[in-house]
Amino acid sequence: MRRDLKEIKEQIASTDKTDRASVPTLGERFRFLSTVYRAHEEGEERFLFPAIDAKVPGASQVYVAAHRRIDGLRDTISGVFSGGEVVKLEALLSELDFVADAHLDQEENELFPLCDSHIAPPDQGVIFEKMAANVPQEFAHDVLGWMIKLQSQDDREGFLMFQMKFSPRPVFQGVRSVAKEVLSKAEWTDLTKRIPELMS
Ligand SMILES: [Fe+2]
């Protein structure tokens, strides 16, 4: 999510603000990213936050507040992409990037360690499975492709190795076929050299 938003922000920064020609494409990309953000928020608010609040009352308040601030900025930016003043996009995207970065940092540095100390690993596994299942199946395919495209080759190798070792075979085969579909021939060939099992 961080990488995609930064790329959109950089592309808008280098766009001629008087020329709307490239803006619709970036608007589509931003709408997809917004859907991913929304799925992140819904999954946390439905399954993770109630679990941590049950152990540490009120612990999720700061994260819910950040979600609502991010929602507001997302709505404003979507409105601009749909026909507002393009010149405002750069500042708005920078603000969203700053707020979303701070939120994700805080979750990684404070919320997840808090979960580790109060929620047993098997219970965490159940919560993360519910969060993943909360994403509609047809959308999950697009999110997976989006994520793989944004990864570096080293990230892709690590991700596919992890899936190969820990996911049921049909799930791994599904991930493998999405990776093959979204990557260039050269990228896929390189991965099959790194992980020969991808060819089987
Ligand atoms: Fe969050």
# chains A, B, ... in the order shown; residues from 1 in each chain; ligands from 1
$ residues_near_ligand --ligand "ligand 1" --cutoff "8 Å" --atoms "only C-alpha atoms and all ligand atoms" --output "list in words"
His40, Glu41, Glu44, Tyr63, Val64, Ala66, His67, His103, Leu104 and Glu107 of chain A
$ residues_around --residues "Ile119 (chain A)" --least-positions-apart "4" --cutoff "9 Å" --atoms "only C-alpha atoms" --output "PyMOL selection string"
chain A and resi 51-52+55+114-115+123-124
$ write_last_selection --atoms "N, CA and C atoms" --output "PDB file, in the first residue's frame"
ATOM      1  N   ALA A  51     -10.786  -7.821  19.401  1.00  0.00           N
ATOM      2  CA  ALA A  51      -9.994  -8.806  20.153  1.00  0.00           C
ATOM      3  C   ALA A  51      -8.987  -8.117  21.070  1.00  0.00           C
ATOM      4  N   ILE A  52      -8.345  -7.063  20.578  1.00  0.00           N
ATOM      5  CA  ILE A  52      -7.353  -6.384  21.426  1.00  0.00           C
ATOM      6  C   ILE A  52      -8.035  -5.515  22.475  1.00  0.00           C
ATOM      7  N   LYS A  55      -8.824  -7.284  25.614  1.00  0.00           N
ATOM      8  CA  LYS A  55      -7.674  -7.491  26.517  1.00  0.00           C
ATOM      9  C   LYS A  55      -7.176  -6.172  27.099  1.00  0.00           C
ATOM     10  N   LEU A 114       1.638  -5.243  20.818  1.00  0.00           N
ATOM     11  CA  LEU A 114       0.612  -5.352  21.860  1.00  0.00           C
ATOM     12  C   LEU A 114      -0.200  -6.632  21.666  1.00  0.00           C
ATOM     13  N   CYS A 115      -0.532  -6.916  20.410  1.00  0.00           N
ATOM     14  CA  CYS A 115      -1.266  -8.162  20.102  1.00  0.00           C
ATOM     15  C   CYS A 115      -0.431  -9.369  20.489  1.00  0.00           C
ATOM     16  N   ASP A 123      -4.719 -17.923  18.309  1.00  0.00           N
ATOM     17  CA  ASP A 123      -5.866 -16.999  18.216  1.00  0.00           C
ATOM     18  C   ASP A 123      -5.577 -15.892  17.195  1.00  0.00           C
ATOM     19  N   GLN A 124      -4.314 -15.469  17.142  1.00  0.00           N
ATOM     20  CA  GLN A 124      -3.950 -14.479  16.112  1.00  0.00           C
ATOM     21  C   GLN A 124      -4.164 -15.065  14.717  1.00  0.00           C
TER      22      GLN A 124
END
$ select_by_dssp --residues "region 2-194 of chain A" --states "helix (DSSP H, G or I)" --output "tab-separated table (two decimals) with N, CA and C atoms, in the first residue's frame"
chain	number	residue	atom	x	y	z
A	2	ARG	N	1.93	1.20	0.83
A	2	ARG	CA	2.80	2.38	0.91
A	2	ARG	C	3.43	2.69	-0.45
A	3	ARG	N	3.94	1.62	-1.09
A	3	ARG	CA	4.67	1.82	-2.34
A	3	ARG	C	3.75	2.34	-3.45
A	4	ASP	N	2.54	1.81	-3.52
A	4	ASP	CA	1.61	2.22	-4.58
A	4	ASP	C	1.23	3.69	-4.41
A	5	LEU	N	0.94	4.08	-3.18
A	5	LEU	CA	0.55	5.48	-2.93
A	5	LEU	C	1.70	6.43	-3.27
A	6	LYS	N	2.92	6.02	-2.89
A	6	LYS	CA	4.08	6.89	-3.19
A	6	LYS	C	4.27	7.03	-4.70
A	7	GLU	N	4.07	5.93	-5.43
A	7	GLU	CA	4.22	6.00	-6.90
A	7	GLU	C	3.16	6.91	-7.52
A	8	ILE	N	1.92	6.80	-7.05
A	8	ILE	CA	0.85	7.67	-7.57
A	8	ILE	C	1.20	9.13	-7.27
A	9	LYS	N	1.65	9.38	-6.05
A	9	LYS	CA	2.01	10.75	-5.63
A	9	LYS	C	3.14	11.29	-6.52
A	10	GLU	N	4.15	10.46	-6.76
A	10	GLU	CA	5.28	10.91	-7.59
A	10	GLU	C	4.84	11.18	-9.03
A	11	GLN	N	3.94	10.35	-9.54
A	11	GLN	CA	3.47	10.56	-10.92
A	11	GLN	C	2.65	11.85	-11.03
A	12	ILE	N	1.83	12.10	-10.02
A	12	ILE	CA	1.04	13.35	-10.04
A	12	ILE	C	1.98	14.55	-9.93
A	13	ALA	N	3.03	14.42	-9.10
A	13	ALA	CA	3.98	15.54	-8.92
A	13	ALA	C	4.66	15.88	-10.24
A	23	VAL	N	-4.59	11.91	-15.92
A	23	VAL	CA	-5.22	11.85	-14.59
A	23	VAL	C	-6.25	10.71	-14.46
A	24	PRO	N	-7.09	10.44	-15.49
A	24	PRO	CA	-8.06	9.36	-15.32
A	24	PRO	C	-7.40	8.01	-15.01
A	25	THR	N	-6.26	7.72	-15.66
A	25	THR	CA	-5.58	6.45	-15.41
A	25	THR	C	-5.13	6.36	-13.96
A	26	LEU	N	-4.54	7.46	-13.48
A	26	LEU	CA	-4.08	7.46	-12.09
A	26	LEU	C	-5.28	7.41	-11.14
A	27	GLY	N	-6.40	7.98	-11.57
A	27	GLY	CA	-7.63	7.93	-10.77
A	27	GLY	C	-8.10	6.50	-10.60
A	28	GLU	N	-8.03	5.69	-11.67
A	28	GLU	CA	-8.40	4.27	-11.60
A	28	GLU	C	-7.50	3.56	-10.61
A	29	ARG	N	-6.21	3.86	-10.74
A	29	ARG	CA	-5.23	3.20	-9.86
A	29	ARG	C	-5.48	3.60	-8.40
A	30	PHE	N	-5.82	4.87	-8.18
A	30	PHE	CA	-6.09	5.34	-6.82
A	30	PHE	C	-7.36	4.67	-6.27
A	31	ARG	N	-8.38	4.49	-7.13
A	31	ARG	CA	-9.62	3.85	-6.67
A	31	ARG	C	-9.35	2.41	-6.23
A	32	PHE	N	-8.51	1.72	-6.98
A	32	PHE	CA	-8.17	0.34	-6.59
A	32	PHE	C	-7.44	0.34	-5.25
A	33	LEU	N	-6.46	1.25	-5.11
A	33	LEU	CA	-5.71	1.33	-3.85
A	33	LEU	C	-6.67	1.65	-2.69
A	34	SER	N	-7.64	2.51	-2.95
A	34	SER	CA	-8.62	2.87	-1.90
A	34	SER	C	-9.40	1.64	-1.46
A	35	THR	N	-9.73	0.76	-2.41
A	35	THR	CA	-10.47	-0.45	-2.06
A	35	THR	C	-9.60	-1.36	-1.19
A	36	VAL	N	-8.31	-1.41	-1.49
A	36	VAL	CA	-7.39	-2.22	-0.67
A	36	VAL	C	-7.30	-1.64	0.74
A	37	TYR	N	-7.19	-0.31	0.82
A	37	TYR	CA	-7.13	0.35	2.13
A	37	TYR	C	-8.40	0.05	2.93
A	38	ARG	N	-9.54	0.12	2.24
A	38	ARG	CA	-10.83	-0.08	2.92
A	38	ARG	C	-10.91	-1.51	3.45
A	39	ALA	N	-10.41	-2.47	2.66
A	39	ALA	CA	-10.42	-3.88	3.11
A	39	ALA	C	-9.52	-4.04	4.34
A	40	HIS	N	-8.39	-3.33	4.34
A	40	HIS	CA	-7.47	-3.35	5.50
A	40	HIS	C	-8.21	-2.83	6.74
A	41	GLU	N	-8.90	-1.71	6.57
A	41	GLU	CA	-9.60	-1.10	7.70
A	41	GLU	C	-10.73	-1.98	8.22
A	42	GLU	N	-11.54	-2.49	7.28
A	42	GLU	CA	-12.69	-3.31	7.68
A	42	GLU	C	-12.25	-4.57	8.41
A	43	GLY	N	-11.21	-5.22	7.88
A	43	GLY	CA	-10.72	-6.45	8.50
A	43	GLY	C	-10.24	-6.17	9.92
A	44	GLU	N	-9.50	-5.08	10.11
A	44	GLU	CA	-9.01	-4.75	11.45
A	44	GLU	C	-10.16	-4.39	12.39
A	45	GLU	N	-11.09	-3.58	11.87
A	45	GLU	CA	-12.16	-3.08	12.75
A	45	GLU	C	-13.16	-4.19	13.12
A	46	ARG	N	-13.36	-5.17	12.22
A	46	ARG	CA	-14.31	-6.24	12.52
A	46	ARG	C	-13.69	-7.33	13.39
A	47	PHE	N	-12.42	-7.61	13.20
A	47	PHE	CA	-11.86	-8.80	13.85
A	47	PHE	C	-10.70	-8.51	14.81
A	48	LEU	N	-9.76	-7.64	14.41
A	48	LEU	CA	-8.57	-7.44	15.24
A	48	LEU	C	-8.84	-6.49	16.42
A	49	PHE	N	-9.46	-5.36	16.14
A	49	PHE	CA	-9.65	-4.35	17.19
A	49	PHE	C	-10.53	-4.86	18.34
A	50	PRO	N	-11.67	-5.53	18.05
A	50	PRO	CA	-12.45	-6.05	19.19
A	50	PRO	C	-11.64	-7.03	20.05
A	51	ALA	N	-10.79	-7.82	19.40
A	51	ALA	CA	-9.99	-8.81	20.15
A	51	ALA	C	-8.99	-8.12	21.07
A	52	ILE	N	-8.35	-7.06	20.58
A	52	ILE	CA	-7.35	-6.38	21.43
A	52	ILE	C	-8.04	-5.51	22.48
A	53	ASP	N	-9.20	-4.92	22.12
A	53	ASP	CA	-9.94	-4.12	23.11
A	53	ASP	C	-10.43	-4.98	24.28
A	54	ALA	N	-10.72	-6.26	23.98
A	54	ALA	CA	-11.18	-7.17	25.05
A	54	ALA	C	-10.07	-7.40	26.07
A	55	LYS	N	-8.82	-7.28	25.61
A	55	LYS	CA	-7.67	-7.49	26.52
A	55	LYS	C	-7.18	-6.17	27.10
A	61	GLN	N	-8.72	2.72	19.91
A	61	GLN	CA	-9.31	4.04	19.60
A	61	GLN	C	-8.45	4.88	18.65
A	62	VAL	N	-7.15	4.93	18.93
A	62	VAL	CA	-6.26	5.77	18.13
A	62	VAL	C	-6.20	5.27	16.68
A	63	TYR	N	-6.32	3.95	16.50
A	63	TYR	CA	-6.23	3.38	15.15
A	63	TYR	C	-7.52	3.60	14.37
A	64	VAL	N	-8.66	3.51	15.08
A	64	VAL	CA	-9.94	3.78	14.42
A	64	VAL	C	-9.98	5.25	13.98
A	65	ALA	N	-9.49	6.15	14.85
A	65	ALA	CA	-9.48	7.58	14.51
A	65	ALA	C	-8.62	7.82	13.27
A	66	ALA	N	-7.49	7.14	13.19
A	66	ALA	CA	-6.62	7.29	12.00
A	66	ALA	C	-7.33	6.77	10.75
A	67	HIS	N	-8.06	5.66	10.89
A	67	HIS	CA	-8.81	5.13	9.73
A	67	HIS	C	-9.80	6.17	9.22
A	68	ARG	N	-10.51	6.83	10.15
A	68	ARG	CA	-11.53	7.81	9.71
A	68	ARG	C	-10.85	9.02	9.04
A	69	ARG	N	-9.68	9.40	9.54
A	69	ARG	CA	-8.97	10.53	8.92
A	69	ARG	C	-8.52	10.14	7.51
A	70	ILE	N	-8.03	8.91	7.37
A	70	ILE	CA	-7.61	8.41	6.06
A	70	ILE	C	-8.82	8.32	5.12
A	71	ASP	N	-9.96	7.84	5.64
A	71	ASP	CA	-11.19	7.77	4.82
A	71	ASP	C	-11.55	9.15	4.26
A	72	GLY	N	-11.50	10.16	5.14
A	72	GLY	CA	-11.87	11.52	4.72
A	72	GLY	C	-10.97	12.02	3.61
A	73	LEU	N	-9.68	11.80	3.78
A	73	LEU	CA	-8.72	12.25	2.76
A	73	LEU	C	-8.93	11.48	1.46
A	74	ARG	N	-9.18	10.17	1.58
A	74	ARG	CA	-9.42	9.35	0.38
A	74	ARG	C	-10.63	9.85	-0.39
A	75	ASP	N	-11.71	10.16	0.35
A	75	ASP	CA	-12.93	10.65	-0.31
A	75	ASP	C	-12.66	11.97	-1.03
A	76	THR	N	-11.93	12.86	-0.35
A	76	THR	CA	-11.61	14.16	-0.96
A	76	THR	C	-10.80	13.96	-2.23
A	77	ILE	N	-9.79	13.10	-2.16
A	77	ILE	CA	-8.92	12.87	-3.33
A	77	ILE	C	-9.71	12.21	-4.46
A	78	SER	N	-10.58	11.24	-4.11
A	78	SER	CA	-11.40	10.59	-5.16
A	78	SER	C	-12.25	11.63	-5.86
A	79	GLY	N	-12.78	12.57	-5.09
A	79	GLY	CA	-13.60	13.64	-5.67
A	79	GLY	C	-12.79	14.48	-6.65
A	80	VAL	N	-11.56	14.79	-6.29
A	80	VAL	CA	-10.71	15.59	-7.19
A	80	VAL	C	-10.39	14.79	-8.46
A	81	PHE	N	-10.11	13.49	-8.30
A	81	PHE	CA	-9.85	12.66	-9.48
A	81	PHE	C	-11.07	12.61	-10.40
A	86	VAL	N	-7.11	19.52	-10.36
A	86	VAL	CA	-5.95	18.63	-10.36
A	86	VAL	C	-4.79	19.23	-9.57
A	87	VAL	N	-4.73	20.54	-9.57
A	87	VAL	CA	-3.62	21.22	-8.90
A	87	VAL	C	-3.59	20.91	-7.39
A	88	LYS	N	-4.76	20.51	-6.84
A	88	LYS	CA	-4.81	20.22	-5.40
A	88	LYS	C	-4.31	18.81	-5.07
A	89	LEU	N	-4.21	17.96	-6.10
A	89	LEU	CA	-3.91	16.55	-5.85
A	89	LEU	C	-2.57	16.32	-5.16
A	90	GLU	N	-1.57	17.08	-5.58
A	90	GLU	CA	-0.22	16.85	-5.07
A	90	GLU	C	-0.18	17.01	-3.54
A	91	ALA	N	-0.76	18.13	-3.07
A	91	ALA	CA	-0.75	18.39	-1.62
A	91	ALA	C	-1.61	17.36	-0.88
A	92	LEU	N	-2.77	17.02	-1.46
A	92	LEU	CA	-3.66	16.06	-0.80
A	92	LEU	C	-3.03	14.67	-0.72
A	93	LEU	N	-2.38	14.26	-1.82
A	93	LEU	CA	-1.73	12.94	-1.82
A	93	LEU	C	-0.56	12.92	-0.84
A	94	SER	N	0.14	14.04	-0.71
A	94	SER	CA	1.25	14.11	0.25
A	94	SER	C	0.71	13.98	1.67
A	95	GLU	N	-0.42	14.63	1.91
A	95	GLU	CA	-1.01	14.55	3.26
A	95	GLU	C	-1.46	13.11	3.56
A	96	LEU	N	-2.12	12.48	2.57
A	96	LEU	CA	-2.57	11.09	2.77
A	96	LEU	C	-1.37	10.17	2.98
A	97	ASP	N	-0.32	10.38	2.20
A	97	ASP	CA	0.89	9.57	2.33
A	97	ASP	C	1.46	9.69	3.75
A	98	PHE	N	1.50	10.93	4.24
A	98	PHE	CA	2.04	11.17	5.58
A	98	PHE	C	1.19	10.49	6.65
A	99	VAL	N	-0.15	10.69	6.57
A	99	VAL	CA	-1.05	10.15	7.59
A	99	VAL	C	-1.07	8.62	7.54
A	100	ALA	N	-1.13	8.05	6.31
A	100	ALA	CA	-1.19	6.60	6.18
A	100	ALA	C	0.13	5.96	6.63
A	101	ASP	N	1.25	6.61	6.30
A	101	ASP	CA	2.56	6.10	6.73
A	101	ASP	C	2.65	6.06	8.26
A	102	ALA	N	2.23	7.16	8.88
A	102	ALA	CA	2.29	7.25	10.35
A	102	ALA	C	1.40	6.17	10.97
A	103	HIS	N	0.22	5.97	10.36
A	103	HIS	CA	-0.72	4.96	10.87
A	103	HIS	C	-0.12	3.55	10.76
A	104	LEU	N	0.41	3.23	9.59
A	104	LEU	CA	0.97	1.88	9.40
A	104	LEU	C	2.20	1.68	10.29
A	105	ASP	N	3.00	2.74	10.46
A	105	ASP	CA	4.16	2.65	11.38
A	105	ASP	C	3.69	2.35	12.80
A	106	GLN	N	2.64	3.08	13.21
A	106	GLN	CA	2.16	2.91	14.59
A	106	GLN	C	1.59	1.49	14.80
A	107	GLU	N	0.90	0.98	13.77
A	107	GLU	CA	0.39	-0.39	13.89
A	107	GLU	C	1.54	-1.39	13.99
A	108	GLU	N	2.55	-1.19	13.15
A	108	GLU	CA	3.67	-2.14	13.16
A	108	GLU	C	4.48	-2.06	14.45
A	109	ASN	N	4.67	-0.82	14.94
A	109	ASN	CA	5.57	-0.64	16.09
A	109	ASN	C	4.88	-0.78	17.44
A	110	GLU	N	3.55	-0.53	17.47
A	110	GLU	CA	2.87	-0.55	18.77
A	110	GLU	C	1.73	-1.58	18.84
A	111	LEU	N	0.86	-1.56	17.81
A	111	LEU	CA	-0.31	-2.45	17.88
A	111	LEU	C	0.08	-3.93	17.77
A	112	PHE	N	0.91	-4.27	16.79
A	112	PHE	CA	1.23	-5.69	16.60
A	112	PHE	C	2.01	-6.25	17.80
A	113	PRO	N	2.99	-5.50	18.37
A	113	PRO	CA	3.62	-6.01	19.59
A	113	PRO	C	2.63	-6.17	20.75
A	114	LEU	N	1.64	-5.24	20.82
A	114	LEU	CA	0.61	-5.35	21.86
A	114	LEU	C	-0.20	-6.63	21.67
A	115	CYS	N	-0.53	-6.92	20.41
A	115	CYS	CA	-1.27	-8.16	20.10
A	115	CYS	C	-0.43	-9.37	20.49
A	116	ASP	N	0.87	-9.30	20.18
A	116	ASP	CA	1.75	-10.44	20.51
A	116	ASP	C	1.77	-10.71	22.00
A	117	SER	N	1.70	-9.63	22.82
A	117	SER	CA	1.77	-9.88	24.26
A	117	SER	C	0.42	-10.25	24.87
A	118	HIS	N	-0.68	-10.02	24.16
A	118	HIS	CA	-1.99	-10.32	24.77
A	118	HIS	C	-2.81	-11.38	24.05
A	121	PRO	N	-0.63	-16.93	19.75
A	121	PRO	CA	-0.43	-17.12	18.31
A	121	PRO	C	-1.56	-17.87	17.59
A	122	PRO	N	-2.12	-18.97	18.17
A	122	PRO	CA	-3.22	-19.65	17.43
A	122	PRO	C	-4.44	-18.73	17.27
A	123	ASP	N	-4.72	-17.92	18.31
A	123	ASP	CA	-5.87	-17.00	18.22
A	123	ASP	C	-5.58	-15.89	17.20
A	124	GLN	N	-4.31	-15.47	17.14
A	124	GLN	CA	-3.95	-14.48	16.11
A	124	GLN	C	-4.16	-15.07	14.72
A	125	GLY	N	-3.81	-16.36	14.57
A	125	GLY	CA	-4.00	-17.03	13.28
A	125	GLY	C	-5.46	-17.02	12.86
A	126	VAL	N	-6.36	-17.29	13.83
A	126	VAL	CA	-7.81	-17.30	13.54
A	126	VAL	C	-8.26	-15.90	13.09
A	127	ILE	N	-7.76	-14.87	13.79
A	127	ILE	CA	-8.14	-13.48	13.46
A	127	ILE	C	-7.67	-13.14	12.04
A	128	PHE	N	-6.44	-13.49	11.71
A	128	PHE	CA	-5.92	-13.12	10.38
A	128	PHE	C	-6.61	-13.92	9.27
A	129	GLU	N	-7.02	-15.16	9.60
A	129	GLU	CA	-7.80	-15.92	8.60
A	129	GLU	C	-9.14	-15.25	8.35
A	130	LYS	N	-9.78	-14.77	9.41
A	130	LYS	CA	-11.07	-14.09	9.24
A	130	LYS	C	-10.89	-12.80	8.44
A	131	MET	N	-9.79	-12.08	8.71
A	131	MET	CA	-9.54	-10.84	7.96
A	131	MET	C	-9.34	-11.14	6.47
A	132	ALA	N	-8.60	-12.20	6.19
A	132	ALA	CA	-8.35	-12.57	4.79
A	132	ALA	C	-9.65	-13.00	4.11
A	133	ALA	N	-10.49	-13.76	4.87
A	133	ALA	CA	-11.75	-14.26	4.30
A	133	ALA	C	-12.75	-13.13	4.08
A	137	GLN	N	-13.86	-12.98	-2.90
A	137	GLN	CA	-12.97	-13.85	-3.65
A	137	GLN	C	-12.46	-13.22	-4.96
A	138	GLU	N	-13.37	-12.59	-5.71
A	138	GLU	CA	-12.96	-12.04	-7.01
A	138	GLU	C	-12.02	-10.85	-6.82
A	139	PHE	N	-12.20	-10.14	-5.72
A	139	PHE	CA	-11.34	-9.01	-5.41
A	139	PHE	C	-9.98	-9.51	-4.92
A	140	ALA	N	-9.99	-10.65	-4.19
A	140	ALA	CA	-8.75	-11.22	-3.65
A	140	ALA	C	-7.76	-11.50	-4.78
A	141	HIS	N	-8.28	-11.98	-5.92
A	141	HIS	CA	-7.43	-12.27	-7.08
A	141	HIS	C	-6.74	-10.99	-7.54
A	142	ASP	N	-7.49	-9.89	-7.65
A	142	ASP	CA	-6.92	-8.62	-8.10
A	142	ASP	C	-5.91	-8.06	-7.09
A	143	VAL	N	-6.23	-8.22	-5.79
A	143	VAL	CA	-5.31	-7.71	-4.75
A	143	VAL	C	-4.01	-8.48	-4.79
A	144	LEU	N	-4.12	-9.80	-4.97
A	144	LEU	CA	-2.91	-10.62	-5.02
A	144	LEU	C	-2.03	-10.20	-6.21
A	145	GLY	N	-2.65	-10.02	-7.37
A	145	GLY	CA	-1.90	-9.58	-8.55
A	145	GLY	C	-1.27	-8.21	-8.35
A	146	TRP	N	-2.03	-7.32	-7.75
A	146	TRP	CA	-1.55	-5.95	-7.46
A	146	TRP	C	-0.33	-6.01	-6.55
A	147	MET	N	-0.42	-6.85	-5.50
A	147	MET	CA	0.68	-6.95	-4.54
A	147	MET	C	1.93	-7.55	-5.20
A	148	ILE	N	1.75	-8.59	-5.97
A	148	ILE	CA	2.91	-9.25	-6.60
A	148	ILE	C	3.59	-8.30	-7.59
A	149	LYS	N	2.78	-7.52	-8.32
A	149	LYS	CA	3.38	-6.58	-9.28
A	149	LYS	C	4.23	-5.52	-8.58
A	150	LEU	N	3.82	-5.12	-7.37
A	150	LEU	CA	4.56	-4.07	-6.66
A	150	LEU	C	5.81	-4.60	-5.94
A	153	GLN	N	11.78	-8.50	-7.06
A	153	GLN	CA	11.97	-9.93	-7.35
A	153	GLN	C	12.33	-10.71	-6.08
A	154	ASP	N	13.15	-10.11	-5.20
A	154	ASP	CA	13.51	-10.79	-3.95
A	154	ASP	C	12.28	-11.01	-3.08
A	155	ASP	N	11.40	-9.96	-3.02
A	155	ASP	CA	10.15	-10.10	-2.24
A	155	ASP	C	9.29	-11.23	-2.81
A	156	ARG	N	9.20	-11.26	-4.16
A	156	ARG	CA	8.36	-12.28	-4.81
A	156	ARG	C	8.90	-13.67	-4.50
A	157	GLU	N	10.22	-13.81	-4.56
A	157	GLU	CA	10.83	-15.11	-4.27
A	157	GLU	C	10.48	-15.55	-2.85
A	158	GLY	N	10.64	-14.62	-1.88
A	158	GLY	CA	10.34	-14.94	-0.49
A	158	GLY	C	8.86	-15.29	-0.30
A	159	PHE	N	8.00	-14.50	-0.95
A	159	PHE	CA	6.55	-14.71	-0.82
A	159	PHE	C	6.15	-16.08	-1.40
A	160	LEU	N	6.66	-16.40	-2.58
A	160	LEU	CA	6.29	-17.67	-3.22
A	160	LEU	C	6.87	-18.86	-2.45
A	161	MET	N	8.08	-18.71	-1.92
A	161	MET	CA	8.67	-19.79	-1.10
A	161	MET	C	7.80	-20.04	0.14
A	162	PHE	N	7.36	-18.93	0.75
A	162	PHE	CA	6.53	-19.04	1.95
A	162	PHE	C	5.23	-19.77	1.61
A	163	GLN	N	4.59	-19.35	0.50
A	163	GLN	CA	3.32	-19.97	0.09
A	163	GLN	C	3.52	-21.46	-0.22
A	164	MET	N	4.65	-21.76	-0.86
A	164	MET	CA	4.92	-23.14	-1.25
A	164	MET	C	5.07	-24.03	0.00
A	165	LYS	N	5.71	-23.47	1.04
A	165	LYS	CA	5.97	-24.26	2.24
A	165	LYS	C	4.74	-24.38	3.14
A	166	PHE	N	3.98	-23.28	3.26
A	166	PHE	CA	2.97	-23.25	4.31
A	166	PHE	C	1.51	-23.28	3.83
A	169	ARG	N	-1.70	-27.07	-1.13
A	169	ARG	CA	-1.24	-27.11	-2.53
A	169	ARG	C	-2.15	-26.30	-3.48
A	170	PRO	N	-3.48	-26.44	-3.41
A	170	PRO	CA	-4.33	-25.68	-4.34
A	170	PRO	C	-4.17	-24.16	-4.17
A	171	VAL	N	-3.96	-23.72	-2.92
A	171	VAL	CA	-3.78	-22.28	-2.67
A	171	VAL	C	-2.47	-21.82	-3.31
A	172	PHE	N	-1.41	-22.62	-3.09
A	172	PHE	CA	-0.12	-22.27	-3.71
A	172	PHE	C	-0.24	-22.23	-5.23
A	173	GLN	N	-0.95	-23.21	-5.80
A	173	GLN	CA	-1.11	-23.24	-7.27
A	173	GLN	C	-1.83	-21.99	-7.76
A	174	GLY	N	-2.81	-21.53	-6.96
A	174	GLY	CA	-3.54	-20.31	-7.33
A	174	GLY	C	-2.62	-19.09	-7.31
A	175	VAL	N	-1.80	-18.99	-6.27
A	175	VAL	CA	-0.86	-17.87	-6.15
A	175	VAL	C	0.13	-17.92	-7.32
A	176	ARG	N	0.61	-19.12	-7.60
A	176	ARG	CA	1.57	-19.31	-8.70
A	176	ARG	C	0.97	-18.83	-10.02
A	177	SER	N	-0.29	-19.20	-10.27
A	177	SER	CA	-0.86	-18.83	-11.57
A	177	SER	C	-1.11	-17.31	-11.66
A	178	VAL	N	-1.46	-16.67	-10.53
A	178	VAL	CA	-1.63	-15.20	-10.56
A	178	VAL	C	-0.28	-14.54	-10.84
A	179	ALA	N	0.79	-15.04	-10.18
A	179	ALA	CA	2.12	-14.45	-10.40
A	179	ALA	C	2.51	-14.57	-11.87
A	180	LYS	N	2.27	-15.75	-12.44
A	180	LYS	CA	2.63	-15.95	-13.85
A	180	LYS	C	1.84	-15.02	-14.76
A	181	GLU	N	0.59	-14.79	-14.38
A	181	GLU	CA	-0.31	-13.95	-15.20
A	181	GLU	C	0.12	-12.48	-15.18
A	182	VAL	N	0.54	-11.97	-14.00
A	182	VAL	CA	0.77	-10.52	-13.89
A	182	VAL	C	2.22	-10.11	-14.17
A	185	LYS	N	7.39	-11.88	-18.93
A	185	LYS	CA	8.01	-13.19	-19.21
A	185	LYS	C	9.38	-13.27	-18.56
A	186	ALA	N	10.14	-12.18	-18.65
A	186	ALA	CA	11.50	-12.17	-18.09
A	186	ALA	C	11.47	-12.33	-16.57
A	187	GLU	N	10.51	-11.64	-15.93
A	187	GLU	CA	10.41	-11.73	-14.46
A	187	GLU	C	10.03	-13.16	-14.05
A	188	TRP	N	9.05	-13.75	-14.78
A	188	TRP	CA	8.61	-15.09	-14.43
A	188	TRP	C	9.73	-16.10	-14.66
A	189	THR	N	10.45	-15.97	-15.78
A	189	THR	CA	11.55	-16.89	-16.07
A	189	THR	C	12.62	-16.81	-14.98
A	190	ASP	N	12.93	-15.60	-14.56
A	190	ASP	CA	13.91	-15.42	-13.50
A	190	ASP	C	13.45	-16.12	-12.22
A	191	LEU	N	12.14	-16.00	-11.90
A	191	LEU	CA	11.64	-16.65	-10.68
A	191	LEU	C	11.69	-18.17	-10.78
A	192	THR	N	11.44	-18.70	-11.98
A	192	THR	CA	11.49	-20.17	-12.11
A	192	THR	C	12.92	-20.69	-11.99
A	193	LYS	N	13.89	-19.81	-12.27
A	193	LYS	CA	15.29	-20.22	-12.05
A	193	LYS	C	15.61	-20.21	-10.56
A	194	ARG	N	15.02	-19.21	-9.86
A	194	ARG	CA	15.25	-19.14	-8.41
A	194	ARG	C	14.50	-20.27	-7.67
$ atom_distance --atom1 "CA of Ala120 (chain A)" --atom2 "CA of Val56 (chain A)"
14.2 Å
$ atom_distance --atom1 "CA of Ser152 (chain A)" --atom2 "CA of Ser184 (chain A)"
12.8 Å
$ decode --residues "region 43-48 of chain A" --atoms "N, CA and C atoms" --output "CSV table (one decimal), in the first residue's frame"
chain,number,residue,atom,x,y,z
A,43,GLY,N,-11.2,-5.2,7.9
A,43,GLY,CA,-10.7,-6.5,8.5
A,43,GLY,C,-10.2,-6.2,9.9
A,44,GLU,N,-9.5,-5.1,10.1
A,44,GLU,CA,-9.0,-4.8,11.5
A,44,GLU,C,-10.2,-4.4,12.4
A,45,GLU,N,-11.1,-3.6,11.9
A,45,GLU,CA,-12.2,-3.1,12.8
A,45,GLU,C,-13.2,-4.2,13.1
A,46,ARG,N,-13.4,-5.2,12.2
A,46,ARG,CA,-14.3,-6.2,12.5
A,46,ARG,C,-13.7,-7.3,13.4
A,47,PHE,N,-12.4,-7.6,13.2
A,47,PHE,CA,-11.9,-8.8,13.9
A,47,PHE,C,-10.7,-8.5,14.8
A,48,LEU,N,-9.8,-7.6,14.4
A,48,LEU,CA,-8.6,-7.4,15.2
A,48,LEU,C,-8.8,-6.5,16.4
